Every structure is written in C-alpha cells, then in structure tokens.
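Here is the file start-v3.pdb (PDB, C-alpha atoms).
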```pdb
ATOM      1  CA  MET A   1      23.551  -4.314   3.210
ATOM      2  CA  TRP A   2      21.433  -1.355   4.274
ATOM      3  CA  GLN A   3      20.405  -0.602   0.679
ATOM      4  CA  ASP A   4      18.810  -4.065   0.368
ATOM      5  CA  HIS A   5      16.844  -3.460   3.567
ATOM      6  CA  LEU A   6      15.824   0.025   2.473
ATOM      7  CA  ASP A   7      14.633  -1.345  -0.867
ATOM      8  CA  LYS A   8      12.583  -4.008   0.941
ATOM      9  CA  LEU A   9      11.012  -1.406   3.245
ATOM     10  CA  PHE A  10      10.117   0.802   0.287
ATOM     11  CA  GLU A  11       8.638  -2.200  -1.534
ATOM     12  CA  LEU A  12       6.493  -3.069   1.501
ATOM     13  CA  TYR A  13       5.359   0.549   1.873
ATOM     14  CA  ALA A  14       4.584   0.944  -1.832
ATOM     15  CA  SER A  15       2.553  -2.275  -1.835
ATOM     16  CA  GLY A  16       0.517  -1.113   1.175
ATOM     17  CA  LYS A  17       1.831  -3.864   3.456
ATOM     18  CA  LEU A  18       3.728  -1.410   5.669
ATOM     19  CA  LYS A  19       1.705   1.326   7.339
ATOM     20  CA  VAL A  20       3.242   4.361   9.007
ATOM     21  CA  SER A  21       1.214   6.001  11.743
ATOM     22  CA  LEU A  22       1.779   9.329  13.433
ATOM     23  CA  ASP A  23       0.878   9.927  17.049
ATOM     24  CA  PRO A  24      -1.975  12.446  17.262
ATOM     25  CA  LYS A  25      -0.270  14.524  19.991
ATOM     26  CA  LYS A  26       1.190  17.743  18.562
ATOM     27  CA  PHE A  27       4.562  19.183  19.515
ATOM     28  CA  LEU A  28       5.295  22.633  18.085
ATOM     29  CA  GLY A  29       8.625  24.438  18.152
ATOM     30  CA  VAL A  30      12.125  23.513  19.255
ATOM     31  CA  ALA A  31      11.210  24.132  22.897
ATOM     32  CA  SER A  32       8.775  21.210  22.786
ATOM     33  CA  ALA A  33      11.446  18.681  21.757
ATOM     34  CA  VAL A  34      12.174  17.779  25.377
ATOM     35  CA  ASP A  35       8.475  17.186  26.033
ATOM     36  CA  ALA A  36       8.267  15.040  22.889
ATOM     37  CA  VAL A  37      11.168  12.847  24.011
ATOM     38  CA  GLU A  38       9.636  12.455  27.475
ATOM     39  CA  TYR A  39       6.307  11.528  25.852
ATOM     40  CA  LEU A  40       8.061   8.982  23.636
ATOM     41  CA  HIS A  41       9.807   7.396  26.619
ATOM     42  CA  SER A  42       6.589   7.342  28.657
ATOM     43  CA  GLY A  43       5.192   4.562  26.487
ATOM     44  CA  LYS A  44       2.023   6.545  25.766
ATOM     45  CA  SER A  45       2.817   7.205  22.105
ATOM     46  CA  VAL A  46       0.957   5.184  19.462
ATOM     47  CA  GLY A  47       2.992   6.003  16.379
ATOM     48  CA  LYS A  48       5.811   8.233  15.247
ATOM     49  CA  VAL A  49       6.265  11.242  17.509
ATOM     50  CA  VAL A  50       6.872  14.356  15.422
ATOM     51  CA  VAL A  51       8.141  17.761  16.496
ATOM     52  CA  CYS A  52       7.103  20.474  14.055
ATOM     53  CA  ILE A  53       9.871  23.056  14.112
ATOM     54  CA  ASP A  54       8.126  25.574  11.832
ATOM     55  CA  PRO A  55       4.695  26.574  13.206
ATOM     56  CA  ALA A  56       3.796  27.950   9.750
ATOM     57  CA  TYR A  57       4.096  24.424   8.293
ATOM     58  CA  SER A  58       0.810  22.841   7.297
ATOM     59  CA  GLN A  59       0.754  19.084   7.265
ATOM     60  CA  THR A  60       0.487  17.549   3.830
ATOM     61  CA  LEU A  61       0.735  13.942   2.785
ATOM     62  CA  ALA A  62       3.981  12.897   1.166
ATOM     63  CA  LYS A  63       3.740  11.387  -2.268
ATOM     64  CA  LEU A  64       6.244   8.660  -3.046
TER      65      LEU A  64
END
```

What does this structure look like when you write it as structure tokens?
Amino acid sequence: MWQDHLDKLFELYASGKLKVSLDPKKFLGVASAVDAVEYLHSGKSVGKVVVCIDPAYSQTLAKL
C-alpha cells in the first residue's frame, strides 16, 4: 500500500499542491544532531529540521 501513497504524494508535489518547507535554523556537523532533535521537540521549528553533516556542502534545490 505504501507505493500508492508515495505515488499520491509525488503527484501532489509535482502539481504544486504539496509544499515542503525547511526551517531556517542551521545545524552543521554530527555534533549538532542532538541540538537539532531538541529544537525539533521544543515546538519552535517551522518546517523540516535538517542537519548538514558535510560543512563543505552548499545547498542546492533538488530537481524532480
């Protein structure tokens, strides 16, 4: 059943009806993972909380 749900989610995203937002707070490195989880549980996050493991990574938009 999960494939049907995944297909529906992708359809909604592709049509622009599903928006994904990232929280603006930055967490860099493995050591910040604990802080990120605490931030997530605090209720202060306003989107997906992301921990960037590789500080050399530059954020780019994914193309589906």

With distances taken over all atoms listed in the file, which of A:Met1, A:Val34, A:Val49, A:Leu40 is nearest to Leu22 in chain A?
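Nearest candidate to Leu22 in chain A out of A:Met1, A:Val34, A:Val49, A:Leu40: A:Val49.
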
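Closest to Val37 in chain A among A:His5, A:Gly16, A:Val50, A:Pro24 is A:Val50, based on all atoms listed in the file.
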
My list of candidates is A:Ala14, A:Leu28, A:Asp23, A:Tyr57. Which is closest to Gly43 in chain A when distances are computed with all atoms listed in the file?
A:Asp23

One number please: CA of Ala33 in chain A to CA of Pro55 in chain A, in Å, one decimal.
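About the pair CA of Ala33 in chain A and CA of Pro55 in chain A: they are 13.5 Å apart.
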
Between CA of Val51 in chain A and CA of Ala31 in chain A, measure the distance and give it in Å to one decimal.
9.5 Å

If we count all atoms listed in the file and set the cut-off at 12 Å, which residues sit around Cys52 in chain A, ignoring sequence neighbours fewer than 6 positions away in its own chain? Please answer as a PyMOL selection string.
chain A and resi 25-33+36+58-59

Between CA of Lys48 in chain A and CA of Ser21 in chain A, what distance in Å does the model show, to one decimal?
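CA of Ser21 in chain A lies at a distance of 6.2 Å from CA of Lys48 in chain A.
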
Do a neighbour search on Lys19 in chain A at 12 Å with only C-alpha atoms, toss out local chain neighbours closer than 5 positions, and write the hits as a PDB file with C-alpha atoms, in the coordinates of the input.
```pdb
ATOM      1  CA  LEU A   9      11.012  -1.406   3.245  1.00  0.00           C
ATOM      2  CA  PHE A  10      10.117   0.802   0.287  1.00  0.00           C
ATOM      3  CA  GLU A  11       8.638  -2.200  -1.534  1.00  0.00           C
ATOM      4  CA  LEU A  12       6.493  -3.069   1.501  1.00  0.00           C
ATOM      5  CA  TYR A  13       5.359   0.549   1.873  1.00  0.00           C
ATOM      6  CA  ALA A  14       4.584   0.944  -1.832  1.00  0.00           C
ATOM      7  CA  GLY A  47       2.992   6.003  16.379  1.00  0.00           C
ATOM      8  CA  LYS A  48       5.811   8.233  15.247  1.00  0.00           C
TER       9      LYS A  48
END
```

Output requested as a CSV table (one decimal), keeping the file's coordinate frame - range 42-58 of chain A, filled out with N, CA, C and O atoms.
```csv
chain,number,residue,atom,x,y,z
A,42,SER,N,7.6,7.7,27.7
A,42,SER,CA,6.6,7.3,28.7
A,42,SER,C,5.8,6.1,28.2
A,42,SER,O,5.1,5.5,29.1
A,43,GLY,N,5.9,5.7,27.0
A,43,GLY,CA,5.2,4.6,26.5
A,43,GLY,C,3.8,4.9,26.1
A,43,GLY,O,3.0,4.0,25.7
A,44,LYS,N,3.4,6.1,26.1
A,44,LYS,CA,2.0,6.5,25.8
A,44,LYS,C,1.8,6.8,24.3
A,44,LYS,O,0.7,6.9,23.8
A,45,SER,N,2.9,6.9,23.5
A,45,SER,CA,2.8,7.2,22.1
A,45,SER,C,2.3,6.0,21.3
A,45,SER,O,2.5,4.8,21.7
A,46,VAL,N,1.6,6.3,20.3
A,46,VAL,CA,1.0,5.2,19.5
A,46,VAL,C,1.3,5.3,18.0
A,46,VAL,O,0.6,5.0,17.1
A,47,GLY,N,2.5,5.8,17.7
A,47,GLY,CA,3.0,6.0,16.4
A,47,GLY,C,4.2,6.8,16.4
A,47,GLY,O,4.8,7.0,17.5
A,48,LYS,N,4.6,7.4,15.3
A,48,LYS,CA,5.8,8.2,15.2
A,48,LYS,C,5.5,9.5,16.0
A,48,LYS,O,4.5,10.2,15.7
A,49,VAL,N,6.4,10.0,16.8
A,49,VAL,CA,6.3,11.2,17.5
A,49,VAL,C,7.0,12.3,16.7
A,49,VAL,O,8.2,12.1,16.4
A,50,VAL,N,6.3,13.3,16.3
A,50,VAL,CA,6.9,14.4,15.4
A,50,VAL,C,6.9,15.7,16.1
A,50,VAL,O,5.9,16.1,16.7
A,51,VAL,N,8.0,16.4,16.0
A,51,VAL,CA,8.1,17.8,16.5
A,51,VAL,C,8.2,18.7,15.3
A,51,VAL,O,9.0,18.6,14.4
A,52,CYS,N,7.2,19.5,15.2
A,52,CYS,CA,7.1,20.5,14.1
A,52,CYS,C,7.9,21.7,14.4
A,52,CYS,O,7.5,22.5,15.4
A,53,ILE,N,9.0,21.9,13.8
A,53,ILE,CA,9.9,23.1,14.1
A,53,ILE,C,9.3,24.4,13.6
A,53,ILE,O,9.4,25.4,14.3
A,54,ASP,N,8.7,24.4,12.4
A,54,ASP,CA,8.1,25.6,11.8
A,54,ASP,C,6.6,25.6,12.1
A,54,ASP,O,5.9,24.9,11.4
A,55,PRO,N,6.1,26.5,12.9
A,55,PRO,CA,4.7,26.6,13.2
A,55,PRO,C,3.9,27.0,12.0
A,55,PRO,O,2.7,26.8,12.0
A,56,ALA,N,4.5,27.6,11.0
A,56,ALA,CA,3.8,28.0,9.8
A,56,ALA,C,3.6,26.8,8.8
A,56,ALA,O,2.8,26.8,7.9
A,57,TYR,N,4.2,25.6,9.1
A,57,TYR,CA,4.1,24.4,8.3
A,57,TYR,C,2.7,23.9,8.4
A,57,TYR,O,2.1,23.7,9.5
A,58,SER,N,2.1,23.5,7.3
A,58,SER,CA,0.8,22.8,7.3
A,58,SER,C,1.0,21.4,6.8
A,58,SER,O,1.7,21.2,5.8
```
